[in-house]
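This is start.csv (CSV, C-alpha atoms).
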chain,number,residue,atom,x,y,z
A,1,MET,CA,8.8,57.2,-1.3
A,2,THR,CA,6.3,58.1,-4.0
A,3,GLY,CA,4.6,56.2,-6.8
A,4,ASP,CA,2.4,53.2,-7.1
A,5,VAL,CA,2.7,50.8,-4.1
A,6,ALA,CA,3.8,47.9,-6.3
A,7,GLU,CA,6.5,50.0,-7.8
A,8,ARG,CA,7.7,51.1,-4.4
A,9,ALA,CA,7.9,47.5,-3.2
A,10,ALA,CA,10.0,46.5,-6.3
A,11,ALA,CA,12.2,49.6,-5.9
A,12,GLY,CA,12.8,48.8,-2.3
A,13,PHE,CA,13.8,45.3,-3.2
A,14,ILE,CA,16.2,46.3,-5.9
A,15,GLU,CA,17.8,49.0,-3.7
A,16,LEU,CA,18.3,46.6,-0.8
A,17,TYR,CA,19.2,43.4,-2.6
A,18,GLY,CA,20.7,44.7,-5.9
A,19,VAL,CA,18.6,42.4,-8.1
A,20,GLU,CA,15.1,42.3,-9.5
A,21,PRO,CA,12.5,40.4,-7.4
A,22,ALA,CA,11.1,37.1,-8.7
A,23,GLY,CA,7.6,38.6,-8.4
A,24,ARG,CA,5.2,40.9,-6.6
A,25,TRP,CA,2.2,39.8,-4.6
A,26,ALA,CA,-0.6,42.0,-3.3
A,27,ALA,CA,-3.4,41.8,-0.7
A,28,PRO,CA,-6.0,44.5,0.0
A,29,GLY,CA,-7.4,46.1,3.1
A,30,ARG,CA,-11.0,45.5,3.7
A,31,VAL,CA,-14.1,47.1,5.2
A,32,ASN,CA,-17.1,45.3,6.5
A,33,LEU,CA,-20.3,46.4,4.7
A,34,ILE,CA,-22.5,45.1,7.5
A,35,GLY,CA,-22.3,42.5,10.3
A,36,GLU,CA,-20.4,43.8,13.3
A,37,HIS,CA,-19.5,41.7,16.4
A,38,THR,CA,-21.4,38.8,14.8
A,39,ASP,CA,-18.2,36.9,13.8
A,40,TYR,CA,-17.3,35.5,17.3
A,41,ASN,CA,-21.0,34.7,17.8
A,42,ASP,CA,-20.9,32.2,14.9
A,43,GLY,CA,-22.9,34.7,12.8
A,44,PHE,CA,-22.7,36.3,9.4
A,45,VAL,CA,-20.6,39.1,8.0
A,46,LEU,CA,-20.4,40.9,4.6
A,47,PRO,CA,-17.0,42.5,3.9
A,48,PHE,CA,-15.5,43.6,0.7
A,49,ALA,CA,-11.9,44.3,-0.4
A,50,LEU,CA,-10.5,47.8,-0.8
A,51,PRO,CA,-8.3,49.1,-3.6
A,52,LEU,CA,-5.7,49.9,-1.0
A,53,ARG,CA,-3.0,47.3,-1.0
A,54,THR,CA,0.0,45.8,0.7
A,55,VAL,CA,2.6,44.6,-1.8
A,56,VAL,CA,5.4,42.1,-1.2
A,57,ALA,CA,8.3,41.9,-3.7
A,58,ALA,CA,10.2,38.7,-3.0
A,59,ASP,CA,12.6,36.1,-4.2
A,60,ARG,CA,14.1,32.9,-2.7
A,61,GLN,CA,17.3,32.8,-0.9
A,62,ASP,CA,19.4,29.6,-0.4
A,63,ASP,CA,19.6,29.3,3.4
A,64,GLU,CA,16.7,28.8,5.9
A,65,SER,CA,16.4,32.4,6.8
A,66,TRP,CA,14.1,35.3,5.9
A,67,THR,CA,15.2,39.0,5.4
A,68,VAL,CA,12.4,41.6,5.3
A,69,TRP,CA,12.5,45.3,4.6
A,70,SER,CA,9.5,47.5,5.5
A,71,GLU,CA,8.9,50.8,3.7
A,72,LEU,CA,6.8,52.0,6.6
A,73,SER,CA,9.5,51.6,9.3
A,74,GLY,CA,12.5,51.7,7.1
A,75,GLU,CA,13.9,48.7,9.0
A,76,THR,CA,15.4,45.5,7.7
A,77,ILE,CA,15.1,42.5,9.9
A,78,THR,CA,16.4,38.9,9.5
A,79,PHE,CA,15.2,35.9,11.3
A,80,CYS,CA,16.1,32.2,11.0
A,81,ALA,CA,14.4,28.8,11.5
A,82,ASP,CA,15.1,28.9,15.2
A,83,ASP,CA,13.4,32.2,15.5
A,84,VAL,CA,10.1,30.8,14.1
A,85,ALA,CA,10.4,27.5,16.1
A,86,GLU,CA,7.9,28.9,18.6
A,87,PRO,CA,5.7,32.0,18.9
A,88,GLY,CA,7.0,35.2,20.4
A,89,ARG,CA,10.6,35.1,19.3
A,90,VAL,CA,10.1,37.8,16.6
A,91,SER,CA,8.3,40.9,17.8
A,92,GLY,CA,6.9,44.2,16.3
A,93,TRP,CA,5.8,44.3,12.7
A,94,GLY,CA,8.2,41.5,11.8
A,95,ALA,CA,6.0,39.1,13.9
A,96,TYR,CA,3.3,39.2,11.3
A,97,VAL,CA,5.8,38.0,8.7
A,98,ALA,CA,7.5,35.4,11.0
A,99,GLY,CA,4.0,34.3,12.0
A,100,VAL,CA,3.1,33.3,8.5
A,101,VAL,CA,6.4,31.3,8.1
A,102,TRP,CA,5.7,29.7,11.5
A,103,ALA,CA,2.2,28.7,10.6
A,104,LEU,CA,3.2,27.3,7.3
A,105,ARG,CA,6.0,25.2,8.8
A,106,ASP,CA,3.8,24.1,11.7
A,107,ALA,CA,1.3,22.9,9.1
A,108,GLY,CA,4.0,20.7,7.5
A,109,HIS,CA,4.9,22.9,4.5
A,110,PRO,CA,8.6,23.2,3.6
A,111,VAL,CA,8.9,27.0,3.5
A,112,PRO,CA,11.7,28.4,1.4
A,113,GLY,CA,14.1,31.0,2.7
A,114,ALA,CA,13.3,34.4,1.1
A,115,ARG,CA,14.2,38.0,0.7
A,116,LEU,CA,11.2,40.3,0.9
A,117,ALA,CA,10.4,44.0,0.5
A,118,ILE,CA,7.1,45.4,1.7
A,119,ALA,CA,5.2,48.6,0.8
A,120,SER,CA,1.6,49.4,1.6
A,121,ASP,CA,-1.0,52.1,1.3
A,122,VAL,CA,-3.4,50.4,3.8
A,123,PRO,CA,-3.4,52.8,6.8
A,124,LEU,CA,-2.4,51.4,10.1
A,125,GLY,CA,-4.8,51.6,13.1
A,126,SER,CA,-7.9,52.5,11.1
A,127,GLY,CA,-9.6,49.2,11.3
A,128,LEU,CA,-9.0,48.4,7.6
A,129,SER,CA,-7.1,45.2,8.3
A,130,SER,CA,-3.6,46.2,7.5
A,131,SER,CA,-2.3,43.2,9.5
A,132,ALA,CA,-4.4,40.7,7.5
A,133,ALA,CA,-3.3,42.4,4.2
A,134,LEU,CA,0.4,41.9,5.3
A,135,GLU,CA,-0.1,38.3,6.3
A,136,ALA,CA,-2.0,37.5,3.1
A,137,ALA,CA,0.6,39.1,0.8
A,138,VAL,CA,3.4,37.3,2.5
A,139,LEU,CA,1.5,34.0,2.4
A,140,ALA,CA,0.9,34.4,-1.3
A,141,ALA,CA,4.6,35.1,-2.0
A,142,LEU,CA,5.9,32.2,0.1
A,143,LEU,CA,3.4,29.7,-1.4
A,144,ASP,CA,4.4,30.7,-4.9
A,145,LEU,CA,8.2,30.8,-4.2
A,146,GLY,CA,8.0,27.4,-2.6
A,147,GLY,CA,5.6,25.8,-5.1
A,148,LEU,CA,3.5,25.0,-2.1
A,149,GLU,CA,-0.1,23.8,-2.5
A,150,LEU,CA,-2.7,25.3,-0.1
A,151,PRO,CA,-6.2,25.8,-1.4
A,152,ALA,CA,-7.7,29.3,-1.2
A,153,GLU,CA,-10.4,28.1,1.3
A,154,ARG,CA,-7.7,26.9,3.7
A,155,GLN,CA,-5.5,30.0,3.5
A,156,PRO,CA,-7.6,32.3,5.8
A,157,ARG,CA,-7.4,29.9,8.7
A,158,LEU,CA,-3.6,29.6,8.4
A,159,ALA,CA,-3.2,33.4,8.2
A,160,GLN,CA,-5.5,33.8,11.2
A,161,ARG,CA,-3.5,31.2,13.2
A,162,ALA,CA,-0.3,33.2,12.5
A,163,GLU,CA,-2.0,36.3,14.0
A,164,ASN,CA,-3.7,34.5,16.9
A,165,VAL,CA,-1.0,32.2,18.0
A,166,TYR,CA,2.3,33.8,16.9
A,167,VAL,CA,1.5,37.5,17.1
A,168,GLY,CA,-1.0,37.0,20.0
A,169,ALA,CA,-3.8,39.1,18.5
A,170,PRO,CA,-7.3,37.5,19.0
A,171,THR,CA,-8.8,38.3,15.6
A,172,GLY,CA,-11.7,36.4,14.0
A,173,ILE,CA,-11.7,34.7,10.6
A,174,MET,CA,-13.4,37.6,8.8
A,175,ASP,CA,-10.3,39.8,8.0
A,176,GLN,CA,-8.2,37.0,6.5
A,177,SER,CA,-11.2,35.6,4.6
A,178,ALA,CA,-11.9,39.0,3.1
A,179,VAL,CA,-8.4,40.0,2.0
A,180,ILE,CA,-7.7,36.5,0.5
A,181,ARG,CA,-11.1,35.5,-1.0
A,182,CYS,CA,-12.9,38.7,-2.1
A,183,ARG,CA,-13.6,39.4,-5.7
A,184,ALA,CA,-13.9,42.7,-7.6
A,185,GLY,CA,-17.4,44.0,-7.8
A,186,HIS,CA,-18.6,41.7,-5.0
A,187,ALA,CA,-19.0,41.5,-1.2
A,188,LEU,CA,-18.1,38.3,0.6
A,189,PHE,CA,-21.0,36.7,2.4
A,190,LEU,CA,-19.2,34.6,5.1
A,191,ASP,CA,-20.9,32.2,7.5
A,192,CYS,CA,-18.5,32.4,10.5
A,193,ARG,CA,-19.7,29.0,11.9
A,194,ASP,CA,-18.8,26.8,8.9
A,195,GLU,CA,-16.6,29.3,7.0
A,196,SER,CA,-18.7,28.8,3.8
A,197,VAL,CA,-18.7,31.8,1.5
A,198,GLU,CA,-20.8,33.2,-1.3
A,199,HIS,CA,-19.7,36.1,-3.6
A,200,ILE,CA,-22.6,38.5,-3.6
A,201,PRO,CA,-22.8,41.0,-6.6
A,202,PHE,CA,-22.1,44.5,-5.3
A,203,ASP,CA,-21.8,46.5,-8.5
A,204,LEU,CA,-21.7,50.0,-7.2
A,205,ASP,CA,-20.5,51.5,-10.5
A,206,ALA,CA,-23.5,50.1,-12.5
A,207,ALA,CA,-25.8,51.6,-9.8
A,208,GLY,CA,-24.2,55.0,-10.0
A,209,LEU,CA,-23.1,54.6,-6.4
A,210,ALA,CA,-19.9,54.5,-4.3
A,211,VAL,CA,-18.8,53.8,-0.8
A,212,LEU,CA,-17.2,56.7,1.0
A,213,VAL,CA,-14.8,55.4,3.7
A,214,ILE,CA,-14.2,58.0,6.4
A,215,ASP,CA,-11.2,57.4,8.7
A,216,SER,CA,-12.5,59.1,11.9
A,217,ARG,CA,-8.9,59.5,13.2
A,218,ALA,CA,-10.4,59.1,16.6
A,219,PRO,CA,-7.9,57.6,19.1
A,220,HIS,CA,-9.0,54.1,20.0
A,221,ARG,CA,-10.4,54.4,23.5
A,222,HIS,CA,-10.1,51.3,25.8
A,223,ALA,CA,-10.8,49.1,22.7
A,224,ASP,CA,-9.1,45.9,23.9
A,225,GLY,CA,-10.8,45.8,27.3
A,226,GLU,CA,-14.2,46.8,25.9
A,227,TYR,CA,-14.0,44.3,23.1
A,228,ALA,CA,-13.2,41.5,25.6
A,229,ASP,CA,-16.2,42.7,27.7
A,230,ARG,CA,-18.6,42.6,24.8
A,231,ARG,CA,-17.4,39.1,23.8
A,232,ARG,CA,-17.7,37.8,27.4
A,233,SER,CA,-21.3,39.3,27.6
A,234,CYS,CA,-22.3,37.5,24.5
A,235,GLU,CA,-20.8,34.2,25.6
A,236,THR,CA,-22.5,34.4,29.0
A,237,ALA,CA,-25.8,35.2,27.4
A,238,ALA,CA,-25.6,32.3,25.0
A,239,LYS,CA,-24.9,29.9,27.9
A,240,ALA,CA,-27.8,31.4,29.9
A,241,LEU,CA,-30.1,30.8,26.9
A,242,GLY,CA,-28.9,27.3,26.3
A,243,VAL,CA,-27.6,27.8,22.7
A,244,PRO,CA,-24.1,27.2,21.3
A,245,ALA,CA,-23.9,30.9,20.2
A,246,LEU,CA,-26.2,33.9,19.8
A,247,ARG,CA,-26.4,33.1,16.1
A,248,ASP,CA,-28.8,30.4,17.1
A,249,VAL,CA,-31.4,33.0,18.4
A,250,THR,CA,-33.6,34.2,15.5
A,251,VAL,CA,-35.3,37.6,15.4
A,252,ASP,CA,-38.6,35.8,15.9
A,253,GLN,CA,-37.3,34.3,19.1
A,254,LEU,CA,-35.7,37.5,20.4
A,255,ASP,CA,-38.4,38.9,22.7
A,256,ALA,CA,-38.7,35.5,24.5
A,257,ALA,CA,-34.9,35.2,24.8
A,258,LEU,CA,-34.6,38.7,26.2
A,259,ALA,CA,-37.3,38.0,28.8
A,260,ARG,CA,-35.1,35.2,30.1
A,261,LEU,CA,-32.2,37.5,30.8
A,262,ASP,CA,-32.0,39.4,34.1
A,263,ASP,CA,-29.5,42.1,33.2
A,264,GLU,CA,-30.5,45.0,31.0
A,265,VAL,CA,-27.0,45.6,29.6
A,266,THR,CA,-26.8,41.9,28.5
A,267,ARG,CA,-30.2,42.2,26.9
A,268,ARG,CA,-29.0,45.1,24.8
A,269,ARG,CA,-25.9,43.2,23.7
A,270,VAL,CA,-28.0,40.3,22.7
A,271,ARG,CA,-30.4,42.4,20.8
A,272,HIS,CA,-27.6,44.0,18.8
A,273,VAL,CA,-26.1,40.6,17.7
A,274,VAL,CA,-29.4,39.0,16.8
A,275,THR,CA,-30.8,41.9,14.9
A,276,GLU,CA,-27.4,42.5,13.2
A,277,ASP,CA,-27.3,39.0,11.9
A,278,GLN,CA,-30.7,39.5,10.4
A,279,ARG,CA,-29.6,42.8,8.8
A,280,VAL,CA,-26.8,40.9,7.1
A,281,LEU,CA,-29.2,38.4,5.7
A,282,ASP,CA,-31.6,41.2,4.6
A,283,THR,CA,-28.7,43.1,2.9
A,284,VAL,CA,-27.6,39.9,1.1
A,285,ALA,CA,-31.2,39.4,-0.2
A,286,LEU,CA,-31.4,42.9,-1.5
A,287,LEU,CA,-28.0,42.7,-3.2
A,288,ARG,CA,-29.0,39.4,-4.8
A,289,ALA,CA,-32.1,41.2,-6.2
A,290,GLY,CA,-29.9,44.0,-7.6
A,291,ARG,CA,-31.5,46.5,-5.2
A,292,VAL,CA,-28.2,48.1,-4.1
A,293,ARG,CA,-29.7,51.5,-3.2
A,294,ASP,CA,-32.2,49.9,-0.9
A,295,ILE,CA,-29.5,48.6,1.6
A,296,GLY,CA,-28.9,52.2,2.9
A,297,PRO,CA,-31.5,52.0,5.7
A,298,LEU,CA,-30.0,48.7,6.9
A,299,LEU,CA,-26.6,50.3,7.2
A,300,THR,CA,-28.0,53.1,9.2
A,301,ALA,CA,-30.0,50.8,11.5
A,302,SER,CA,-26.8,48.8,12.1
A,303,HIS,CA,-25.1,52.0,13.3
A,304,VAL,CA,-27.9,52.9,15.6
A,305,SER,CA,-27.7,49.4,17.1
A,306,MET,CA,-24.0,49.6,17.6
A,307,ARG,CA,-24.4,53.1,19.2
A,308,ASP,CA,-27.4,52.3,21.5
A,309,ASP,CA,-27.3,48.6,22.2
A,310,PHE,CA,-23.7,47.5,21.8
A,311,GLU,CA,-22.3,50.9,22.9
A,312,ILE,CA,-19.1,50.8,20.9
A,313,THR,CA,-19.2,54.2,19.0
A,314,VAL,CA,-17.4,57.4,20.0
A,315,PRO,CA,-18.4,61.1,19.3
A,316,GLU,CA,-16.2,61.4,16.2
A,317,ILE,CA,-17.8,58.3,14.7
A,318,ASP,CA,-21.4,59.4,15.5
A,319,THR,CA,-20.6,62.9,14.1
A,320,ALA,CA,-19.4,61.4,10.8
A,321,VAL,CA,-22.5,59.2,10.4
A,322,GLU,CA,-24.9,62.1,11.2
A,323,ALA,CA,-23.1,64.5,8.9
A,324,ALA,CA,-23.0,62.0,6.0
A,325,LEU,CA,-26.7,61.2,6.3
A,326,ALA,CA,-27.6,64.9,6.6
A,327,ALA,CA,-25.6,65.5,3.4
A,328,GLY,CA,-27.6,62.9,1.4
A,329,ALA,CA,-25.9,59.6,2.1
A,330,LEU,CA,-28.3,56.7,1.5
A,331,GLY,CA,-27.0,55.0,4.6
A,332,ALA,CA,-24.0,55.2,6.9
A,333,ARG,CA,-22.4,53.1,9.7
A,334,MET,CA,-19.3,52.6,11.7
A,335,THR,CA,-17.3,49.6,10.4
A,336,GLY,CA,-15.0,47.6,12.6
A,337,GLY,CA,-14.7,46.7,16.2
A,338,GLY,CA,-15.5,50.1,17.5
A,339,PHE,CA,-14.2,52.8,19.8
A,340,GLY,CA,-12.6,54.6,16.8
A,341,GLY,CA,-11.8,53.5,13.3
A,342,CYS,CA,-13.8,54.1,10.2
A,343,VAL,CA,-17.3,55.0,9.0
A,344,LEU,CA,-18.6,53.9,5.6
A,345,ALA,CA,-21.4,55.8,3.8
A,346,LEU,CA,-23.3,54.6,0.7
A,347,VAL,CA,-23.5,57.6,-1.6
A,348,ASP,CA,-24.4,58.6,-5.1
A,349,ALA,CA,-21.1,58.6,-6.9
A,350,ASN,CA,-21.4,62.2,-8.0
A,351,SER,CA,-22.1,63.4,-4.5
A,352,ALA,CA,-19.2,61.7,-2.7
A,353,GLU,CA,-17.1,64.8,-2.4
A,354,ALA,CA,-20.0,66.9,-1.1
A,355,VAL,CA,-20.7,64.3,1.6
A,356,ALA,CA,-17.0,64.2,2.5
A,357,THR,CA,-16.9,68.0,2.7
A,358,ALA,CA,-19.9,68.0,5.0
A,359,VAL,CA,-18.2,65.5,7.3
A,360,ARG,CA,-15.0,67.6,7.4
A,361,THR,CA,-17.1,70.7,8.2
A,362,ALA,CA,-18.9,68.9,11.1
A,363,TYR,CA,-15.5,67.8,12.5
A,364,ALA,CA,-14.1,71.4,12.3
A,365,GLU,CA,-17.2,72.7,14.1
A,366,ARG,CA,-16.5,70.3,17.0
A,367,ASP,CA,-12.7,70.8,17.0
A,368,PHE,CA,-12.1,67.2,16.0
A,369,THR,CA,-8.9,66.2,14.1
A,370,ALA,CA,-9.8,66.4,10.4
A,371,PRO,CA,-10.8,63.0,9.0
A,372,ASN,CA,-9.3,61.2,6.0
A,373,THR,CA,-11.8,60.2,3.3
A,374,LEU,CA,-11.6,57.8,0.3
A,375,THR,CA,-14.2,56.8,-2.3
A,376,VAL,CA,-14.0,53.1,-3.1
A,377,LEU,CA,-15.4,50.3,-5.2
A,378,PRO,CA,-15.1,46.6,-4.3
A,379,ALA,CA,-11.6,45.3,-5.3
A,380,PRO,CA,-10.1,41.8,-5.7
A,381,GLY,CA,-8.5,39.8,-2.9
A,382,ALA,CA,-4.9,38.6,-2.7
A,383,THR,CA,-3.2,38.0,-6.1
A,384,ARG,CA,0.2,37.8,-7.8
A,385,LEU,CA,0.9,40.9,-9.8
A,386,ASN,CA,3.8,39.5,-12.0

In structure tokens, write the structure found in this file.
Amino acid sequence: MTGDVAERAAAGFIELYGVEPAGRWAAPGRVNLIGEHTDYNDGFVLPFALPLRTVVAADRQDDESWTVWSELSGETITFCADDVAEPGRVSGWGAYVAGVVWALRDAGHPVPGARLAIASDVPLGSGLSSSAALEAAVLAALLDLGGLELPAERQPRLAQRAENVYVGAPTGIMDQSAVIRCRAGHALFLDCRDESVEHIPFDLDAAGLAVLVIDSRAPHRHADGEYADRRRSCETAAKALGVPALRDVTVDQLDAALARLDDEVTRRRVRHVVTEDQRVLDTVALLRAGRVRDIGPLLTASHVSMRDDFEITVPEIDTAVEAALAAGALGARMTGGGFGGCVLALVDANSAEAVATAVRTAYAERDFTAPNTLTVLPAPGATRLN
């Protein structure tokens, strides 16, 4: 289907159900400006929402069942209350929808039966939180349709629980917080320990800048096992250092902490997390001062740390960063869990296409699959469209 994603969701609803939807609800994808693998270490992250959106067109239906059509798969599925009585009874993409229903019901909310149609331009498998966008859009629709009260600050945890417990994916709180709570023109400064947030001005347009998002299209290489290994290393190190989490080690304490660790690999992992937390804090300080251009070196330093200390990049990712910087980007880094996914580059708005071309050229020279690129400004979080 062609056309705006909201129009496609409504058209799909009308074609399937024969009536207009009661409304349309949207939630964005997200990128993390800086702060990688700090979330499960009780640290700090700084995501912002993308203009790419998942849209749910929906209306109530009388019985206690849910019928859902997906533009992406072309499938229509139906599940009932028994199917969401416990995790695992609905699988595939439908599990993300059923998981939201389950989490709401498990929290004591009387979820209405509903008919839904889903369309999205958030790409799958690129590390841009397509699953969180789907969960947040479905959650917004069901809350409105049922007249349910759930404050915005509690919605990310419920959406995360749907993904962790019902779907079985061990995501942190960042993705759901970003897609639900972000504001246009701002990045979301999230403390992953207490889940407090601050909306940090990130007015790229006023600074004559943009963020170029580069989908490396690199196949994810052993991402699940490597992610678990990194997390285990961090938790083991925190225990050895006698702290609740690596967030509790400051940069000033880093050398002494590293001297207490016997394993060189573990020392590198700790160094990344501790210095990355500090880079988030330094980035926030610069943005508060309106010094948007000055965050570039911090972005690049973050990438070097992920490449050398945390060892989670791949050749396509490193090539994109190097080519972007050589073409004039103010800073560039991998964003996401690693072993594939996306790179973001801070660029002058009028040079975004030149930087994108340089990355494509570097890929062609290495016989990599051509990357996809998108120039973005910070967008709003989940919202009702009509």

(request) Mind checking which residues fall within 8 Å of range 30-45 of chain A, counting only C-alpha atoms, ignoring those fewer than 6 positions away in the same chain, and posting them as a ChimeraX atom specification? (result) /A:127-129,172-175,178-179,187-193,231,234-235,245-247,273,276-277,279-281,283,299,302,335-337,344

(message) With all atoms listed in the file as the counted atoms, please give the residues lying no more than 9 Å from Ser351 in chain A, apart from itself and same-chain residues fewer than 5 positions off, as an MDAnalysis selection string.
(response) chainID A and resid 327:329 356

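From CA of Val165 in chain A back to CA of Asp59 in chain A, the distance works out to 26.3 Å.
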
(message) Just the number, please: distance in Å from CA of Ala301 in chain A to CA of His272 in chain A, one decimal.
(response) 10.3 Å

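Between CA of Val90 in chain A and CA of Gly168 in chain A there is a distance of 11.6 Å.
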
(request) Show which residues sit within 9 Å of range 254-261 of chain A, as an MDAnalysis selection string. Count only C-alpha atoms, and ignore same-chain residues fewer than 3 positions away. (result) chainID A and resid 237 240:241 249:251 264 266:268 270:271 274:275
